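Contents: one structure, followed by commentary.
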Amino acid sequence: MRKFDTKVQDLKYRVLREVAMHAWKGDLLESIHDIPKAIVPGNEPTMRCCVYKERAILDERVKLAIGGDKNNPNVIEVIDIACDECPMGGFEVSNACRGCLAHRCEEACPRGAIYFDHHQHAHIDKTKCVECGRCAKVCPYGAILDHKRPCQRACKIKAISMSETKAASIDNDTCIACGACVYQCPFGAISDKSYILNVIDMIKKSQNNQRYKVYAIVAPSIASQFTYVKLGQVIAGIKALGFYTTVEVALGADLVAMNEAKELAEKGFLTSSCCPAFVDYVEKQFPTLRDHVSHNLSPMGAIAKYIKETDPTGKVVFIGPCTAKKAEVLKDTLRPFVDCAITFEELQALFDSKELDLASMEEDVLDNASYFGRIFARSGGLSDAVREALKEQGLDKEFELKPIACDGIEECRTALLKASKKVLDANFIEGMACIGGCIGGAGCLTHGEKNRMGVDKYGKEAMEKSMEDAIRVMEIGGSTPDIRKESALFCPLEPQD
Amino acid sequence: MLFIFVCIGSSCHLKGSYEMVQKFEAAIARYKLQDEVVLAGSFCLGRCNRRGVTVKINDDVYEGVQVEAFDDFFKEHVLTPLGRKAE
């Protein structure tokens, strides 16, 4: 029963759990400074040079768990004192270089940056090197090593550099909050801010959903998570935390795919708008393509908007794999619909802060969306869904879809570059910042080969086979949003028994 | 005026919310009740069960309503309160 991929995630989780436990109890303010000691008791350091540094860093982690630095607009933050200031020289020739005859490294280098000393040992001229890594790939001894920091290597859009103090530093104007660095930093020195306190507060003040209802909307990638129990038990757990009910974001995805297909057929060229990190990337790096980003809300936004139309006093909490969603919900376009976003990591911490034993719970159900809405969670799923949506709406005759499913931000970059030069051989860009799609998100508990299968399996279990069928319920009574609002306001809040 | 909410949460969805909605829409049209009834969906009315769909009419919540028993349900809880006779 493996909960996390790494010890870093586990540590972050323990901090979140402690913070949540005190928040439920209502004594967080008094006990906030005791949390580091509760996590690192004794005098023997287990992670750093001494327990005092360990606790000092934990203090910083607690700060992030309660919302982080209010003056920093980015949802991703560096914990300066946790950064190990890893060496960062880029590609270097190690002493495993044998001074061979072949000199493949020299041949492979496109910039002529490799030179040799009188022992025939290779060296790299840093003024010429562009860090392409071809020399490292061809060296028969593997003697050329990349000394790039893991955070920098993870950040494919080059938003991370070294500060004067040698700690990692994030350029907020470039960062898209995808969280790749958060997951990759071996010291856990970069982390996403947490809004679990807002969630706990929302639940507590709802007084068992009597004053208002708190809806959880979960991303379809949940099918690849919490695999130590059944999905139905996770849904039961969410209810046990105090949420009123859980709704699939995949239903929003069904709606988005249907609308996006229409928009695509009209405009002739479009990029997806589901992945907030991708959208942010387009806005920051390819402003000329901004108008080609689908004008649809993301699936999260679409389902949240619908919930707020049926229940205007309701609160909506997004639970997913994504750190960039935390930034997305702060946007003016989303703020009216989604009250808060948390990750699966944080959901695990919330479960354990209430000591819920999911395995012993009776299974609840989660079923609204279609197969296609659910496979949005993995790379290629959105393109499949748009193809199906064109078909279901009879648009496939007049419009021929040529999608390109970009798996990871590097592929997105390539496609966007081509599109900006008008040489892209595709009319629909599916942009996913994380490798594998949402199942590769930084807020996932675990990442692995099986996750894609998990999502597909979950997709096939959907009762509704077509998107059209799935979204029928959203058009009830042919009612306009105005009528819905009026009637929903009339709907008195239901005390739960 | 009657406000009818059909639960479209997961549990009721699996029990046939949409068929229920269709029945309501058809019946409302048949009896020309458009001005007297507002039909809307709601994510979960808090009475999940394994028997049928939850329907809320003004302040009253009816759980386990089955699609097969729709006509009787509609007569008792919609037509009668509105002073109409079933055809």
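We name chains A, B, ... following the order of the structure tokens; residues begin at 1 in each chain, and ligands are numbered from 1 as shown.
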ask   = Could you name the residues that touch A:Pro73 at 12 Å or less, counting only C-alpha atoms, but leaving out those on the same chain fewer than 6 positions away, as a PyMOL selection string?
value = chain A and resi 67+170-173+175-177+192-193+326-327+330-331
task = Might you pull out every residue within 6 Å of A:Ala189, with only C-alpha atoms counted and same-chain residues fewer than 5 positions away left off, and present them as number ranges by chain?
result = A: 78-79, 82-83
Deliver the residues from the most recent selection as a file, using C-alpha atoms, as a short mmCIF file (atom, residue, chain, number, x, y, z; two decimals), in the first residue's frame.
data_model
loop_
_atom_site.label_atom_id
_atom_site.label_comp_id
_atom_site.auth_asym_id
_atom_site.auth_seq_id
_atom_site.Cartn_x
_atom_site.Cartn_y
_atom_site.Cartn_z
CA VAL A 78 10.74 28.32 -3.14
CA ILE A 79 11.68 27.52 0.46
CA ALA A 82 15.44 24.05 2.12
CA CYS A 83 17.24 24.50 -1.20
#
query = Near B:Glu87, counting only C-alpha atoms, which residues have an atom at most 10 Å away, once you skip same-chain residues fewer than 3 positions from it, shown as a ChimeraX atom specification?
reply = /B:30-31,75,84
Go ahead and write the selection's residues with N, CA and C atoms as an mmCIF file, in the first residue's frame.
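result.cif was written with the following content:
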data_model
loop_
_atom_site.group_PDB
_atom_site.id
_atom_site.type_symbol
_atom_site.label_atom_id
_atom_site.label_comp_id
_atom_site.auth_asym_id
_atom_site.auth_seq_id
_atom_site.Cartn_x
_atom_site.Cartn_y
_atom_site.Cartn_z
ATOM 1 N N ARG B 30 -48.065 18.061 -21.870
ATOM 2 C CA ARG B 30 -49.366 17.464 -22.136
ATOM 3 C C ARG B 30 -50.480 18.209 -21.405
ATOM 4 N N TYR B 31 -50.204 18.567 -20.145
ATOM 5 C CA TYR B 31 -51.241 19.246 -19.362
ATOM 6 C C TYR B 31 -51.107 20.771 -19.439
ATOM 7 N N LYS B 75 -49.702 12.463 -10.803
ATOM 8 C CA LYS B 75 -51.107 12.748 -10.486
ATOM 9 C C LYS B 75 -51.235 13.213 -9.035
ATOM 10 N N ARG B 84 -55.956 19.866 -10.869
ATOM 11 C CA ARG B 84 -56.227 19.329 -12.198
ATOM 12 C C ARG B 84 -56.615 17.863 -12.096
#
ask   = Skipping near chain neighbours, those fewer than 3 positions away, what residues fall within 7 Å of B:Thr54 using only C-alpha atoms, listed as a ChimeraX atom specification?
value = /B:6-7,12,45,47,62-65
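Considering the residues A:Cys275, A:Asn43, A:Gly301, A:Arg61 and counting only C-alpha atoms, A:Thr333 has its shortest atom-to-atom contact with A:Gly301.
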Give one line per residue of chain B that approaches chain A to at most 10 Å, naming the two atoms of the closest pair and their distance in Å to one decimal, counting only C-alpha atoms; sort by chain then ascending residue number and deliver it as CSV.
residue,atom,partner,partner_atom,distance
B:Leu2,CA,A:Ser487,CA,9.8
B:Phe3,CA,A:Ser487,CA,6.8
B:Ile4,CA,A:Ser487,CA,8.9
B:Phe5,CA,A:Cys491,CA,8.6
B:Val6,CA,A:Ile476,CA,9.0
B:Cys7,CA,A:Val473,CA,9.8
B:Ile8,CA,A:Val473,CA,7.0
B:Gly9,CA,A:Val247,CA,7.2
B:Ser10,CA,A:Asp367,CA,4.6
B:Ser11,CA,A:Val365,CA,6.0
B:Cys12,CA,A:Asp367,CA,9.3
B:His13,CA,A:Asn368,CA,6.6
B:Leu14,CA,A:Asp367,CA,7.0
B:Ser17,CA,A:Val473,CA,8.0
B:Tyr18,CA,A:Val473,CA,6.2
B:Glu19,CA,A:Val473,CA,9.8
B:Val21,CA,A:Ile476,CA,7.0
B:Gln22,CA,A:Ile476,CA,8.6
B:Phe24,CA,A:Gly477,CA,8.6
B:Glu25,CA,A:Gly477,CA,6.4
B:Ala26,CA,A:Gly477,CA,10.0
B:Ile28,CA,A:Gly477,CA,9.6
B:Gln34,CA,A:Gly477,CA,9.7
B:Val38,CA,A:Ser487,CA,7.2
B:Leu39,CA,A:Gly477,CA,5.5
B:Ala40,CA,A:Ile476,CA,5.9
B:Gly41,CA,A:Ile476,CA,6.3
B:Ser42,CA,A:Thr310,CA,6.0
B:Phe43,CA,A:Ile307,CA,7.3
B:Cys44,CA,A:Thr245,CA,6.6
B:Leu45,CA,A:Glu494,CA,7.4
B:Gly46,CA,A:Gln496,CA,6.6
B:Arg47,CA,A:Gln496,CA,8.5
B:Cys48,CA,A:Asp364,CA,9.3
B:Lys56,CA,A:Cys491,CA,9.2
B:Ile57,CA,A:Cys491,CA,9.5
B:Asn58,CA,A:Cys491,CA,7.3
B:Asp59,CA,A:Pro492,CA,7.5
B:Val61,CA,A:Glu494,CA,9.5
Residues near stretch 210-212 of chain A, cut-off 6 Å, only C-alpha atoms, skip fewer than 2 positions along chain, as number ranges by chain = A: 206-208, 313-314, 495
Take the residues that were just selected and, keeping N, CA and C atoms, output them as a tab-separated table (two decimals), in the first residue's frame.
chain	number	residue	atom	x	y	z
A	206	SER	N	-20.35	25.75	7.11
A	206	SER	CA	-21.58	25.33	6.45
A	206	SER	C	-22.53	24.65	7.43
A	207	GLN	N	-22.01	24.34	8.62
A	207	GLN	CA	-22.80	23.63	9.66
A	207	GLN	C	-23.53	22.43	9.06
A	208	ASN	N	-22.73	21.44	8.68
A	208	ASN	CA	-23.25	20.23	8.06
A	208	ASN	C	-24.08	20.53	6.82
A	313	THR	N	-26.02	29.58	-3.76
A	313	THR	CA	-25.32	29.78	-2.48
A	313	THR	C	-24.29	28.70	-2.22
A	314	GLY	N	-24.26	27.68	-3.09
A	314	GLY	CA	-23.33	26.57	-2.90
A	314	GLY	C	-21.88	27.00	-3.06
A	495	PRO	N	-31.69	20.33	5.38
A	495	PRO	CA	-30.89	19.82	6.49
A	495	PRO	C	-30.57	18.33	6.27
ask   = Hey, what's within 9 Å of A:Ser383 if we count only C-alpha atoms and toss same-chain stuff fewer than 2 positions away? As a ChimeraX atom specification, please?
value = /A:257,376,379-381,385-388,403-405,428-430
Print the selection's residues with C-alpha atoms to a file, as a short mmCIF file (atom, residue, chain, number, x, y, z; two decimals), in the first residue's frame.
data_model
loop_
_atom_site.label_atom_id
_atom_site.label_comp_id
_atom_site.auth_asym_id
_atom_site.auth_seq_id
_atom_site.Cartn_x
_atom_site.Cartn_y
_atom_site.Cartn_z
CA ALA A 257 -15.76 18.90 -25.85
CA PHE A 376 -9.61 13.94 -20.70
CA SER A 379 -2.88 12.69 -23.15
CA GLY A 380 -4.82 12.17 -26.37
CA GLY A 381 -8.18 11.90 -24.60
CA ALA A 385 -13.42 13.55 -27.34
CA VAL A 386 -13.45 16.43 -29.81
CA ARG A 387 -13.47 13.95 -32.70
CA GLU A 388 -16.45 12.17 -31.13
CA PRO A 403 -5.50 17.09 -34.05
CA ILE A 404 -2.06 17.19 -32.54
CA ALA A 405 -1.96 15.86 -29.00
CA PHE A 428 -6.48 21.49 -33.30
CA ILE A 429 -3.79 21.66 -30.62
CA GLU A 430 -4.45 19.60 -27.51
#
